[in-house]
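This is upload_22.tsv. It holds TSV, C-alpha atoms and all ligand atoms.
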chain	number	residue	atom	x	y	z
A	28	MET	CA	-66.10	-56.56	-34.51
A	29	THR	CA	-63.29	-55.26	-36.76
A	30	SER	CA	-65.51	-55.03	-39.81
A	31	ARG	CA	-68.23	-53.23	-37.83
A	32	LEU	CA	-65.75	-50.67	-36.55
A	33	ALA	CA	-64.28	-50.26	-40.01
A	34	SER	CA	-67.68	-49.39	-41.38
A	35	HIS	CA	-67.95	-46.39	-39.02
A	36	PRO	CA	-67.15	-43.02	-40.50
A	37	GLU	CA	-63.56	-42.12	-39.59
A	38	GLY	CA	-64.51	-39.23	-37.35
A	39	VAL	CA	-66.71	-41.38	-35.13
A	40	GLN	CA	-64.03	-44.02	-34.86
A	41	HIS	CA	-61.43	-41.46	-33.79
A	42	THR	CA	-63.74	-39.98	-31.20
A	43	ARG	CA	-64.36	-43.43	-29.73
A	44	GLN	CA	-60.67	-44.24	-29.67
A	45	ARG	CA	-59.87	-40.93	-27.98
A	46	ALA	CA	-62.55	-41.51	-25.34
A	47	TRP	CA	-61.29	-45.05	-24.74
A	48	LYS	CA	-57.67	-43.87	-24.42
A	49	ARG	CA	-58.70	-41.12	-22.02
A	50	SER	CA	-60.54	-43.54	-19.76
A	51	VAL	CA	-57.70	-46.09	-19.80
A	52	VAL	CA	-55.02	-43.46	-19.08
A	53	ASN	CA	-56.89	-42.37	-15.96
A	54	GLU	CA	-57.46	-45.90	-14.72
A	55	ILE	CA	-55.21	-47.34	-12.05
A	56	PRO	CA	-55.17	-51.13	-11.65
A	57	LEU	CA	-56.36	-52.28	-8.23
A	58	HIS	CA	-56.64	-56.03	-8.12
A	59	HIS	CA	-57.82	-58.85	-10.42
A	60	VAL	CA	-60.06	-57.15	-13.05
A	61	PHE	CA	-60.78	-54.15	-10.82
A	62	THR	CA	-59.46	-50.65	-11.40
A	63	TYR	CA	-59.68	-47.18	-9.86
A	64	LYS	CA	-61.19	-44.60	-12.19
A	65	GLU	CA	-62.19	-40.98	-12.44
A	66	VAL	CA	-65.70	-41.86	-11.27
A	67	ASP	CA	-64.20	-43.28	-8.04
A	68	ARG	CA	-62.08	-40.20	-7.42
A	69	ALA	CA	-65.17	-38.04	-7.91
A	70	PHE	CA	-67.25	-40.28	-5.58
A	71	TRP	CA	-64.54	-40.10	-2.91
A	72	SER	CA	-64.36	-36.31	-3.04
A	73	GLU	CA	-68.12	-35.81	-3.19
A	74	HIS	CA	-69.27	-38.31	-0.54
A	75	LEU	CA	-66.35	-39.48	1.58
A	76	GLU	CA	-63.31	-37.25	1.73
A	77	ASP	CA	-64.69	-34.85	4.35
A	78	TRP	CA	-66.12	-37.65	6.48
A	79	VAL	CA	-63.88	-40.74	6.52
A	80	PRO	CA	-61.65	-40.44	9.62
A	81	ALA	CA	-57.91	-39.81	9.44
A	82	ARG	CA	-57.07	-43.21	10.94
A	83	ILE	CA	-58.60	-46.45	9.73
A	84	ILE	CA	-58.33	-50.11	10.69
A	85	ASP	CA	-59.90	-52.44	8.15
A	86	ALA	CA	-60.72	-55.33	10.48
A	87	HIS	CA	-61.72	-57.81	7.80
A	88	VAL	CA	-59.49	-58.37	4.80
A	89	HIS	CA	-58.23	-61.49	3.02
A	90	VAL	CA	-54.59	-61.46	1.90
A	91	ASN	CA	-52.70	-64.37	0.45
A	92	ASP	CA	-49.90	-65.35	-1.88
A	93	PRO	CA	-50.92	-67.43	-4.90
A	94	ARG	CA	-48.11	-69.90	-4.27
A	95	PHE	CA	-50.06	-71.28	-1.29
A	96	GLN	CA	-52.95	-72.36	-3.47
A	97	ILE	CA	-52.37	-76.11	-3.67
A	98	GLU	CA	-55.48	-76.87	-5.64
A	99	THR	CA	-55.90	-75.87	-9.26
A	100	MET	CA	-58.96	-73.67	-9.56
A	101	THR	CA	-61.19	-75.00	-12.33
A	102	GLU	CA	-63.65	-72.89	-14.27
A	103	GLU	CA	-66.46	-74.88	-12.65
A	104	MET	CA	-65.16	-74.06	-9.16
A	105	ARG	CA	-64.70	-70.42	-10.07
A	106	ARG	CA	-68.29	-70.21	-11.28
A	107	SER	CA	-69.77	-72.04	-8.27
A	108	SER	CA	-70.62	-68.77	-6.48
A	109	TRP	CA	-70.24	-65.06	-7.13
A	110	VAL	CA	-67.74	-64.80	-4.26
A	111	SER	CA	-65.53	-67.50	-5.81
A	112	GLU	CA	-65.55	-65.64	-9.08
A	113	VAL	CA	-64.51	-62.26	-7.67
A	114	SER	CA	-62.19	-63.21	-4.79
A	115	ASP	CA	-58.95	-63.96	-6.62
A	116	LYS	CA	-55.87	-64.03	-4.39
A	117	CYS	CA	-54.63	-60.63	-3.30
A	118	ASP	CA	-51.00	-60.54	-2.14
A	119	ALA	CA	-49.67	-58.23	0.57
A	120	GLU	CA	-48.08	-55.72	-1.77
A	121	THR	CA	-51.34	-55.40	-3.72
A	122	ALA	CA	-53.41	-55.09	-0.54
A	123	GLU	CA	-51.14	-52.31	0.68
A	124	ARG	CA	-51.19	-50.49	-2.66
A	125	CYS	CA	-54.97	-50.73	-2.96
A	126	ALA	CA	-55.41	-49.23	0.52
A	127	ARG	CA	-53.19	-46.32	-0.47
A	128	ILE	CA	-55.27	-45.68	-3.59
A	129	THR	CA	-58.73	-46.16	-2.14
A	130	PHE	CA	-58.05	-44.28	1.13
A	131	PRO	CA	-55.96	-41.30	-0.01
A	132	ASN	CA	-54.11	-39.45	2.76
A	133	ARG	CA	-55.29	-41.74	5.52
A	134	GLU	CA	-53.31	-43.61	8.16
A	135	PHE	CA	-54.36	-47.14	7.43
A	136	THR	CA	-53.81	-50.61	8.77
A	137	TYR	CA	-55.35	-54.07	8.46
A	138	VAL	CA	-56.47	-56.96	10.60
A	139	ALA	CA	-55.70	-59.50	7.88
A	140	PHE	CA	-56.16	-63.22	7.34
A	141	GLY	CA	-55.73	-65.69	4.51
A	142	HIS	CA	-58.18	-67.82	2.60
A	143	VAL	CA	-60.52	-69.97	4.61
A	144	ASP	CA	-60.36	-72.85	2.23
A	145	LEU	CA	-58.61	-76.24	2.26
A	146	GLY	CA	-57.51	-75.63	-1.32
A	147	TRP	CA	-54.85	-73.43	0.31
A	148	GLU	CA	-51.83	-74.46	2.35
A	149	ILE	CA	-53.06	-73.11	5.68
A	150	GLU	CA	-49.91	-73.18	7.83
A	151	GLY	CA	-47.62	-71.79	5.14
A	152	SER	CA	-49.93	-68.94	4.24
A	153	ASN	CA	-50.54	-68.09	7.92
A	154	GLU	CA	-46.80	-67.73	8.46
A	155	TRP	CA	-46.21	-65.82	5.22
A	156	LEU	CA	-48.99	-63.35	6.07
A	157	ARG	CA	-47.76	-62.93	9.65
A	158	ILE	CA	-44.31	-61.87	8.39
A	159	GLU	CA	-45.74	-59.64	5.62
A	160	GLY	CA	-48.05	-58.09	8.23
A	161	ILE	CA	-45.23	-57.27	10.62
A	162	LYS	CA	-43.35	-55.52	7.80
A	163	ARG	CA	-46.39	-53.39	7.10
A	164	GLY	CA	-47.68	-52.68	10.60
A	165	TRP	CA	-50.72	-54.96	10.21
A	166	HIS	CA	-52.01	-57.52	12.67
A	167	THR	CA	-53.06	-60.98	11.65
A	168	LEU	CA	-55.54	-63.67	12.56
A	169	VAL	CA	-54.45	-67.23	11.85
A	170	VAL	CA	-56.78	-69.51	9.94
A	171	THR	CA	-57.35	-72.50	12.23
A	172	ARG	CA	-58.25	-76.09	11.53
A	173	PRO	CA	-60.86	-77.55	13.88
A	174	SER	CA	-58.68	-80.67	14.22
A	175	TRP	CA	-55.85	-78.75	15.90
A	176	VAL	CA	-55.15	-79.45	19.56
A	177	ALA	CA	-55.05	-76.44	21.89
A	178	GLU	CA	-51.23	-76.40	21.88
A	179	GLN	CA	-51.22	-75.87	18.12
A	180	VAL	CA	-53.46	-72.83	18.45
A	181	ASP	CA	-51.33	-71.57	21.31
A	182	TRP	CA	-48.14	-71.93	19.24
A	183	TRP	CA	-49.61	-69.50	16.72
A	184	LEU	CA	-51.01	-67.06	19.28
A	185	LYS	CA	-47.58	-66.65	20.85
A	186	LYS	CA	-46.04	-65.53	17.56
A	187	PRO	CA	-45.48	-61.78	17.09
A	188	GLY	CA	-48.13	-60.05	15.01
A	189	VAL	CA	-50.83	-62.66	15.66
A	190	ILE	CA	-53.78	-61.37	17.69
A	191	GLY	CA	-56.30	-64.18	17.24
A	192	VAL	CA	-57.96	-66.65	14.93
A	193	LYS	CA	-60.27	-66.92	11.96
A	194	PRO	CA	-62.11	-70.25	12.04
A	195	TYR	CA	-64.49	-71.22	9.24
A	196	TYR	CA	-66.84	-74.08	8.45
A	197	THR	CA	-65.11	-74.93	5.16
A	198	LEU	CA	-62.12	-76.07	7.23
A	199	ILE	CA	-64.14	-78.95	8.69
A	200	GLY	CA	-63.24	-81.05	5.67
A	201	TYR	CA	-62.45	-80.76	2.00
A	202	ALA	CA	-65.42	-80.27	-0.32
A	203	ASN	CA	-65.62	-79.27	-3.94
A	204	ASP	CA	-68.66	-77.07	-3.35
A	205	TRP	CA	-67.03	-75.41	-0.37
A	206	HIS	CA	-69.78	-72.91	0.37
A	207	THR	CA	-72.62	-75.41	0.83
A	208	THR	CA	-71.24	-78.75	2.08
A	209	HIS	CA	-70.57	-77.66	5.68
A	210	LEU	CA	-72.91	-74.68	5.76
A	211	GLU	CA	-75.38	-76.27	8.21
A	212	SER	CA	-72.70	-77.16	10.76
A	213	SER	CA	-72.70	-76.12	14.38
A	214	ILE	CA	-70.23	-73.35	15.28
A	215	PHE	CA	-68.59	-75.88	17.64
A	216	ASP	CA	-67.85	-78.20	14.70
A	217	PHE	CA	-65.31	-75.71	13.37
A	218	LEU	CA	-64.52	-73.80	16.57
A	219	PRO	CA	-64.33	-76.63	19.15
A	220	HIS	CA	-64.51	-76.14	22.90
A	221	HIS	CA	-60.88	-77.10	23.57
A	222	GLN	CA	-59.80	-74.25	21.25
A	223	LEU	CA	-62.31	-71.84	22.79
A	224	GLU	CA	-60.91	-72.57	26.26
A	225	LEU	CA	-57.41	-71.70	25.08
A	226	LEU	CA	-58.60	-68.58	23.23
A	227	ASN	CA	-60.39	-67.48	26.39
A	228	ASP	CA	-57.22	-67.96	28.48
A	229	ARG	CA	-55.25	-65.89	25.96
A	230	GLU	CA	-58.03	-63.27	25.67
A	231	ALA	CA	-57.60	-63.56	21.91
A	232	TRP	CA	-59.59	-62.08	19.01
A	233	VAL	CA	-61.97	-64.40	17.14
A	234	THR	CA	-63.62	-63.28	13.90
A	235	LEU	CA	-66.58	-65.60	13.54
A	236	HIS	CA	-68.37	-66.09	10.24
A	237	VAL	CA	-71.58	-67.79	11.34
A	238	PRO	CA	-72.83	-70.89	9.50
A	239	ARG	CA	-76.36	-71.86	8.39
A	240	ALA	CA	-78.51	-70.63	5.51
A	241	GLU	CA	-80.71	-68.67	7.92
A	242	ARG	CA	-77.65	-66.67	9.00
A	243	LEU	CA	-77.23	-65.15	12.48
A	244	GLY	CA	-80.96	-65.32	13.16
A	245	HIS	CA	-81.00	-69.13	13.12
A	246	PRO	CA	-81.97	-70.17	16.67
A	247	ASP	CA	-78.93	-72.47	16.94
A	248	ASN	CA	-76.58	-69.62	15.98
A	249	GLN	CA	-78.21	-67.36	18.56
A	250	ARG	CA	-77.88	-70.06	21.22
A	251	GLU	CA	-74.29	-70.96	20.33
A	252	VAL	CA	-73.09	-67.34	20.21
A	253	ARG	CA	-74.63	-66.79	23.66
A	254	GLU	CA	-72.99	-69.98	24.90
A	255	ILE	CA	-69.56	-68.78	23.69
A	256	ARG	CA	-70.11	-65.44	25.40
A	257	ARG	CA	-71.23	-67.10	28.64
A	258	ARG	CA	-68.51	-69.78	28.84
A	259	TYR	CA	-65.61	-67.86	27.26
A	260	PRO	CA	-66.24	-64.20	28.16
A	261	LYS	CA	-62.62	-63.07	27.80
A	262	ILE	CA	-62.53	-63.84	24.07
A	263	LYS	CA	-62.82	-60.73	21.90
A	264	LEU	CA	-65.62	-62.13	19.78
A	265	VAL	CA	-66.31	-60.32	16.51
A	266	ILE	CA	-69.26	-61.54	14.43
A	267	ALA	CA	-68.21	-61.16	10.79
A	268	HIS	CA	-70.38	-59.28	8.28
A	269	TYR	CA	-73.04	-58.46	10.94
A	270	GLY	CA	-73.68	-62.21	11.05
A	271	ARG	CA	-74.13	-62.30	7.25
A	272	CYS	CA	-77.19	-60.07	7.70
A	273	TYR	CA	-77.20	-58.20	4.39
A	274	THR	CA	-80.97	-57.67	4.21
A	275	LEU	CA	-83.20	-55.89	6.72
A	276	PRO	CA	-85.27	-58.99	7.69
A	277	HIS	CA	-82.06	-60.95	8.37
A	278	ALA	CA	-80.69	-58.08	10.46
A	279	GLU	CA	-83.89	-57.83	12.49
A	280	GLU	CA	-83.79	-61.55	13.24
A	281	GLY	CA	-80.04	-61.82	13.76
A	282	ILE	CA	-78.66	-58.60	15.22
A	283	VAL	CA	-81.48	-57.19	17.35
A	284	PRO	CA	-81.83	-60.20	19.70
A	285	LEU	CA	-78.09	-60.05	20.50
A	286	ALA	CA	-78.09	-56.31	21.17
A	287	ASP	CA	-78.42	-56.90	24.92
A	288	ASP	CA	-74.87	-58.28	25.22
A	289	PRO	CA	-72.51	-55.29	25.49
A	290	GLY	CA	-69.38	-57.46	25.12
A	291	LEU	CA	-70.26	-58.81	21.67
A	292	TYR	CA	-68.70	-57.08	18.64
A	293	PHE	CA	-69.63	-57.06	14.97
A	294	ASP	CA	-67.67	-56.19	11.87
A	295	CYS	CA	-69.68	-54.40	9.22
A	296	SER	CA	-67.74	-55.82	6.25
A	297	ALA	CA	-69.44	-56.89	3.01
A	298	CYS	CA	-72.62	-54.98	3.90
A	299	LEU	CA	-73.87	-52.36	1.45
A	300	ASN	CA	-77.34	-52.00	2.85
A	301	PRO	CA	-78.03	-48.56	4.41
A	302	ASP	CA	-81.00	-49.96	6.39
A	303	VAL	CA	-78.85	-52.71	7.93
A	304	HIS	CA	-76.11	-50.27	8.93
A	305	TYR	CA	-78.76	-48.02	10.48
A	306	LEU	CA	-80.45	-50.84	12.37
A	307	ALA	CA	-77.12	-52.23	13.62
A	308	LEU	CA	-75.87	-48.82	14.75
A	309	LYS	CA	-79.17	-48.01	16.43
A	310	HIS	CA	-79.31	-51.25	18.41
A	311	LEU	CA	-75.64	-52.03	19.02
A	312	GLY	CA	-74.24	-48.51	19.22
A	313	PRO	CA	-70.96	-47.32	17.66
A	314	GLU	CA	-68.87	-48.91	20.43
A	315	ARG	CA	-69.58	-52.45	19.20
A	316	ILE	CA	-69.11	-52.08	15.45
A	317	LEU	CA	-65.77	-52.45	13.66
A	318	TYR	CA	-65.17	-51.16	10.17
A	319	GLY	CA	-64.15	-53.80	7.63
A	320	THR	CA	-64.31	-54.32	3.87
A	321	ASP	CA	-63.99	-58.06	3.11
A	322	ASN	CA	-61.63	-57.06	0.32
A	323	PRO	CA	-60.58	-58.06	-2.27
A	324	VAL	CA	-64.30	-58.79	-2.89
A	325	PHE	CA	-65.37	-55.17	-2.36
A	326	TYR	CA	-63.14	-53.79	-5.09
A	327	MET	CA	-65.96	-54.96	-7.33
A	328	ARG	CA	-67.66	-52.13	-9.17
A	329	GLY	CA	-71.43	-51.68	-9.04
A	330	ARG	CA	-74.28	-51.69	-6.58
A	331	ARG	CA	-76.48	-54.11	-4.70
A	332	GLN	CA	-80.27	-54.20	-4.65
A	333	TRP	CA	-82.45	-55.88	-2.06
A	334	LYS	CA	-85.83	-57.54	-2.18
A	335	GLY	CA	-87.12	-59.08	1.05
A	336	ARG	CA	-84.58	-61.63	2.15
A	337	THR	CA	-82.61	-61.69	-1.10
A	338	TYR	CA	-80.26	-59.38	-2.94
A	339	ILE	CA	-78.77	-58.99	-6.37
A	340	ASN	CA	-75.22	-57.83	-7.13
A	341	ARG	CA	-75.07	-55.41	-10.03
A	342	THR	CA	-71.69	-55.04	-11.69
A	343	ASN	CA	-70.28	-54.09	-15.07
A	344	TYR	CA	-67.75	-56.87	-15.56
A	345	PRO	CA	-68.99	-59.87	-17.60
A	346	PHE	CA	-68.64	-62.37	-14.78
A	347	PHE	CA	-70.46	-65.67	-15.22
A	348	PHE	CA	-72.90	-64.75	-12.42
A	349	ASN	CA	-73.60	-61.35	-13.93
A	350	LYS	CA	-76.64	-62.22	-16.01
A	351	GLU	CA	-78.87	-59.22	-15.34
A	352	ARG	CA	-77.00	-56.18	-16.53
A	353	GLU	CA	-78.21	-52.61	-16.12
A	354	ALA	CA	-78.25	-49.96	-18.85
A	355	PRO	CA	-74.80	-48.72	-19.98
A	356	GLU	CA	-75.49	-45.19	-18.67
A	357	ILE	CA	-76.20	-46.62	-15.19
A	358	GLU	CA	-73.18	-48.93	-15.30
A	359	ALA	CA	-70.99	-45.98	-16.27
A	360	LYS	CA	-71.76	-44.40	-12.89
A	361	TYR	CA	-70.85	-47.48	-10.83
A	362	THR	CA	-68.19	-47.01	-8.20
A	363	LEU	CA	-66.44	-49.56	-5.98
A	364	TYR	CA	-68.61	-51.62	-3.62
A	365	MET	CA	-66.38	-50.52	-0.75
A	366	TYR	CA	-67.22	-46.87	-1.53
A	367	GLU	CA	-70.94	-47.62	-1.67
A	368	ALA	CA	-70.59	-49.34	1.71
A	369	LEU	CA	-68.81	-46.30	3.17
A	370	LYS	CA	-71.53	-44.01	1.89
A	371	ALA	CA	-74.16	-46.28	3.49
A	372	ILE	CA	-72.31	-46.20	6.83
A	373	ARG	CA	-72.06	-42.42	6.61
A	374	GLY	CA	-75.80	-42.15	5.93
A	375	ALA	CA	-76.61	-44.32	8.95
A	376	CYS	CA	-74.28	-42.34	11.24
A	377	GLU	CA	-75.79	-39.04	10.11
A	378	LYS	CA	-79.35	-40.29	10.48
A	379	LEU	CA	-78.56	-41.18	14.07
A	380	GLY	CA	-76.76	-37.87	14.64
A	381	LEU	CA	-73.51	-39.56	15.68
A	382	GLY	CA	-70.56	-37.26	16.35
A	383	ARG	CA	-66.94	-37.56	15.21
A	384	ASP	CA	-65.98	-39.54	18.32
A	385	ALA	CA	-68.47	-42.25	17.47
A	386	VAL	CA	-67.39	-42.40	13.83
A	387	GLU	CA	-63.74	-42.65	14.84
A	388	ARG	CA	-64.54	-45.51	17.19
A	389	ILE	CA	-66.10	-47.49	14.36
A	390	PHE	CA	-63.20	-46.88	11.99
A	391	TYR	CA	-60.32	-47.10	14.43
A	392	GLY	CA	-60.95	-46.86	18.16
A	393	ASN	CA	-62.83	-50.09	18.82
A	394	ALA	CA	-60.43	-52.33	16.92
A	395	GLY	CA	-57.44	-50.30	18.11
A	396	CYS	CA	-58.35	-50.81	21.80
A	397	MET	CA	-58.90	-54.53	21.29
A	398	ILE	CA	-55.55	-54.93	19.52
A	399	GLU	CA	-53.77	-52.94	22.19
A	400	ASP	CA	-55.28	-55.07	25.00
A	401	ILE	CA	-54.09	-58.23	23.27
A	402	LEU	CA	-50.61	-56.89	22.56
A	403	VAL	CA	-50.15	-55.63	26.12
A	404	LYS	CA	-51.07	-59.08	27.42
A	405	LYS	CA	-48.58	-60.62	25.00
A	406	GLY	CA	-45.89	-58.08	25.82
A	407	GLU	CA	-45.73	-56.70	22.26
A	408	GLN	CA	-45.55	-53.13	20.98
A	409	PRO	CA	-49.00	-51.49	20.60
A	410	ALA	CA	-50.26	-51.03	17.04
A	411	SER	CA	-49.99	-47.25	17.08
A	412	GLN	CA	-46.21	-47.53	17.35
A	413	THR	CA	-45.82	-49.98	14.52
A	414	GLY	CA	-48.56	-48.84	12.13
A	415	ARG	CA	-47.37	-46.77	9.22
A	416	GLN	CA	-48.88	-44.44	6.70
A	417	ALA	CA	-50.56	-46.33	3.89
B	1	ZN	ZN	-64.30	-62.49	4.63
Could you render the structure as structure tokens?
Amino acid sequence: MTSRLASHPEGVQHTRQRAWKRSVVNEIPLHHVFTYKEVDRAFWSEHLEDWVPARIIDAHVHVNDPRFQIETMTEEMRRSSWVSEVSDKCDAETAERCARITFPNREFTYVAFGHVDLGWEIEGSNEWLRIEGIKRGWHTLVVTRPSWVAEQVDWWLKKPGVIGVKPYYTLIGYANDWHTTHLESSIFDFLPHHQLELLNDREAWVTLHVPRAERLGHPDNQREVREIRRRYPKIKLVIAHYGRCYTLPHAEEGIVPLADDPGLYFDCSACLNPDVHYLALKHLGPERILYGTDNPVFYMRGRRQWKGRTYINRTNYPFFFNKEREAPEIEAKYTLYMYEALKAIRGACEKLGLGRDAVERIFYGNAGCMIEDILVKKGEQPASQTGRQA
């Protein structure tokens, strides 16, 4: 590389160095390998600034401190899926700073939880995040083990700052290939009935990431979600990532059949697909959708493309999974995934002619009401009094 550069005429080399310096000077570090650049500022002002509401609750974010990772991450584990490769730990200070940068001049708060992975010390990281959350005006969901008795779940729910739980199928048992070993489990294998009974009594929030390769549309997922709603109707049940429906066929199979239950909520995190946002908004309405990012994953830069029931993540960082790169002039225009997602949500809202009230419900009102209900029942201060400017 050095010899190639040295062979350039001096003028060209200086121009390149100047351009490189200029781009680095204007780059602000976000998290991991991700940064905030001029292209992101321009995207925000062109597509989002006049539309994103003044108050925001990101109802799906992962925050953790690296000291709770008890397992050494190997290169093989890191490369086992694209999510593993991009979702490095993001501590509370970083999560707060990133929100301030990516949502300029907005009042911002999180519903945060740790890593849903037995390579992490679950209890310690739950407690650390709860305390960090209180300091920052966030609310937290505790990561729960399916083996816990109801009293253990209750012990957490009574703690200040905690509004509910985040169960996950990887917590069924340790596995090296965490994302496939327990994928075909029943929801009740990782969210057992004795915990659901307690959560129903406490009217707690549950963010449910559905299992199974067929996603929310799998008949067993449809049946089990309906069973939870029927038997435990006081739970504030939020289906994560629209039930992992990132493509239109998945959304048609997964979301539409559950549209008839007005008490079932969805978070729209990790979805970039304008057609899915449109379909979800059309069938569920703005009163049942909660804004969320799934950060730190959505600080990734690039775009997603869909074909039938599959998608490809385009990004400019040389991750192991990133085999099919686009042309440099296209990559140069990439912005953050979370900004592409916001633009897609905006497009869907505008296509449906939704007013400001509806948009504000998605970004703040729906989650805010749910949090307030839970806090009132617990005898805690409502979020609006503790939340602070990000
Ligand atoms: Zn997530």
Exercise for the section: Have a look at A:His220, A:Arg250, A:Lys404, A:Arg271 and name the one nearest to ligand ZN 1 (chain B); count only C-alpha atoms and all ligand atoms. Expected result: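 Checking each of A:His220, A:Arg250, A:Lys404, A:Arg271 against ligand ZN 1 (chain B), counting only C-alpha atoms and all ligand atoms, the winner is A:Arg271.
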Exercise for the section: Residues within 12 Å of ligand ZN 1 (chain B), counting all atoms listed in the file: report them as a VMD selection string. Expected result: chain A and resid 85 to 90 110 to 111 114 138 to 144 168 170 193 to 195 234 to 237 266 to 271 294 to 298 319 to 325
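Of the residues under consideration (A:Trp183, A:Tyr305, A:Phe348, A:Tyr196), A:Trp183 shows the shortest atom-to-atom contact distance to Ala231 of chain A when counting all atoms listed in the file.
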Mind dumping a table of every segment 119-213 of chain A residue within 12 Å of segment 307-318 of chain A, with the nearest atom pair and its distance in Å to one decimal, using only C-alpha atoms, sorted by chain and rising number, as a tab-separated table?
residue	atom	partner	partner_atom	distance
A:Phe135	CA	A:Tyr318	CA	11.9
A:Thr136	CA	A:Tyr318	CA	11.5
A:Tyr137	CA	A:Tyr318	CA	10.4
A:Val138	CA	A:Tyr318	CA	10.5
Problem - Computed interatomic separation between atom CA of Ile199 of chain A and atom CA of Ile282 of chain A (Å) - result: 25.8 Å
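What separates atom CA of Leu198 of chain A from atom CA of Arg256 of chain A is a distance of 22.5 Å.
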Practice task
Find the spatial neighbours of segment 238-247 of chain A, counting all atoms listed in the file, within a cut-off of 7 Å - ignore same-chain residues fewer than 6 positions away - and output them as a ChimeraX atom specification.
Solution key: /A:196,210-212,214,270-272,277,280-281
Practice task
With a distance cut-off of 9 Å and all atoms listed in the file, select the neighbouring residues of Phe130 of chain A, excluding the residue or stretch itself and same-chain residues fewer than 6 positions from it, and output the selection as a list in words.
Solution key: Trp71, Glu76, Val79, Ile83 and Ala417 of chain A
Since we have the selection now, will you write its residues out, keeping C-alpha atoms, as a PDB file, in the frame of the given file?
ATOM      1  CA  TRP A  71     -64.540 -40.100  -2.910  1.00  0.00           C
ATOM      2  CA  GLU A  76     -63.310 -37.250   1.730  1.00  0.00           C
ATOM      3  CA  VAL A  79     -63.880 -40.740   6.520  1.00  0.00           C
ATOM      4  CA  ILE A  83     -58.600 -46.450   9.730  1.00  0.00           C
ATOM      5  CA  ALA A 417     -50.560 -46.330   3.890  1.00  0.00           C
TER       6      ALA A 417
END
Completion step: segment 386-398 of chain A with N, CA and C atoms as a PDB file, keeping the file's coordinate frame:
ATOM      1  N   VAL A 386     -67.857 -41.944  15.146  1.00  0.00           N
ATOM      2  CA  VAL A 386     -67.390 -42.400  13.830  1.00  0.00           C
ATOM      3  C   VAL A 386     -65.953 -42.929  13.936  1.00  0.00           C
ATOM      4  N   GLU A 387     -65.140 -42.214  14.686  1.00  0.00           N
ATOM      5  CA  GLU A 387     -63.740 -42.650  14.840  1.00  0.00           C
ATOM      6  C   GLU A 387     -63.631 -43.968  15.595  1.00  0.00           C
ATOM      7  N   ARG A 388     -64.540 -44.205  16.484  1.00  0.00           N
ATOM      8  CA  ARG A 388     -64.540 -45.510  17.190  1.00  0.00           C
ATOM      9  C   ARG A 388     -64.794 -46.646  16.220  1.00  0.00           C
ATOM     10  N   ILE A 389     -65.764 -46.440  15.329  1.00  0.00           N
ATOM     11  CA  ILE A 389     -66.100 -47.490  14.360  1.00  0.00           C
ATOM     12  C   ILE A 389     -64.897 -47.783  13.452  1.00  0.00           C
ATOM     13  N   PHE A 390     -64.268 -46.719  12.987  1.00  0.00           N
ATOM     14  CA  PHE A 390     -63.200 -46.880  11.990  1.00  0.00           C
ATOM     15  C   PHE A 390     -61.838 -47.213  12.588  1.00  0.00           C
ATOM     16  N   TYR A 391     -61.654 -46.904  13.875  1.00  0.00           N
ATOM     17  CA  TYR A 391     -60.320 -47.100  14.430  1.00  0.00           C
ATOM     18  C   TYR A 391     -60.335 -47.506  15.915  1.00  0.00           C
ATOM     19  N   GLY A 392     -61.055 -46.743  16.706  1.00  0.00           N
ATOM     20  CA  GLY A 392     -60.950 -46.860  18.160  1.00  0.00           C
ATOM     21  C   GLY A 392     -61.297 -48.240  18.706  1.00  0.00           C
ATOM     22  N   ASN A 393     -62.408 -48.801  18.264  1.00  0.00           N
ATOM     23  CA  ASN A 393     -62.830 -50.090  18.820  1.00  0.00           C
ATOM     24  C   ASN A 393     -61.800 -51.177  18.539  1.00  0.00           C
ATOM     25  N   ALA A 394     -61.422 -51.308  17.275  1.00  0.00           N
ATOM     26  CA  ALA A 394     -60.430 -52.330  16.920  1.00  0.00           C
ATOM     27  C   ALA A 394     -59.082 -52.012  17.556  1.00  0.00           C
ATOM     28  N   GLY A 395     -58.737 -50.715  17.550  1.00  0.00           N
ATOM     29  CA  GLY A 395     -57.440 -50.300  18.110  1.00  0.00           C
ATOM     30  C   GLY A 395     -57.319 -50.681  19.583  1.00  0.00           C
ATOM     31  N   CYS A 396     -58.380 -50.463  20.369  1.00  0.00           N
ATOM     32  CA  CYS A 396     -58.350 -50.810  21.800  1.00  0.00           C
ATOM     33  C   CYS A 396     -58.219 -52.317  21.984  1.00  0.00           C
ATOM     34  N   MET A 397     -58.958 -53.072  21.180  1.00  0.00           N
ATOM     35  CA  MET A 397     -58.900 -54.530  21.290  1.00  0.00           C
ATOM     36  C   MET A 397     -57.500 -55.032  20.976  1.00  0.00           C
ATOM     37  N   ILE A 398     -56.907 -54.504  19.914  1.00  0.00           N
ATOM     38  CA  ILE A 398     -55.550 -54.930  19.520  1.00  0.00           C
ATOM     39  C   ILE A 398     -54.564 -54.580  20.634  1.00  0.00           C
TER      40      ILE A 398
END
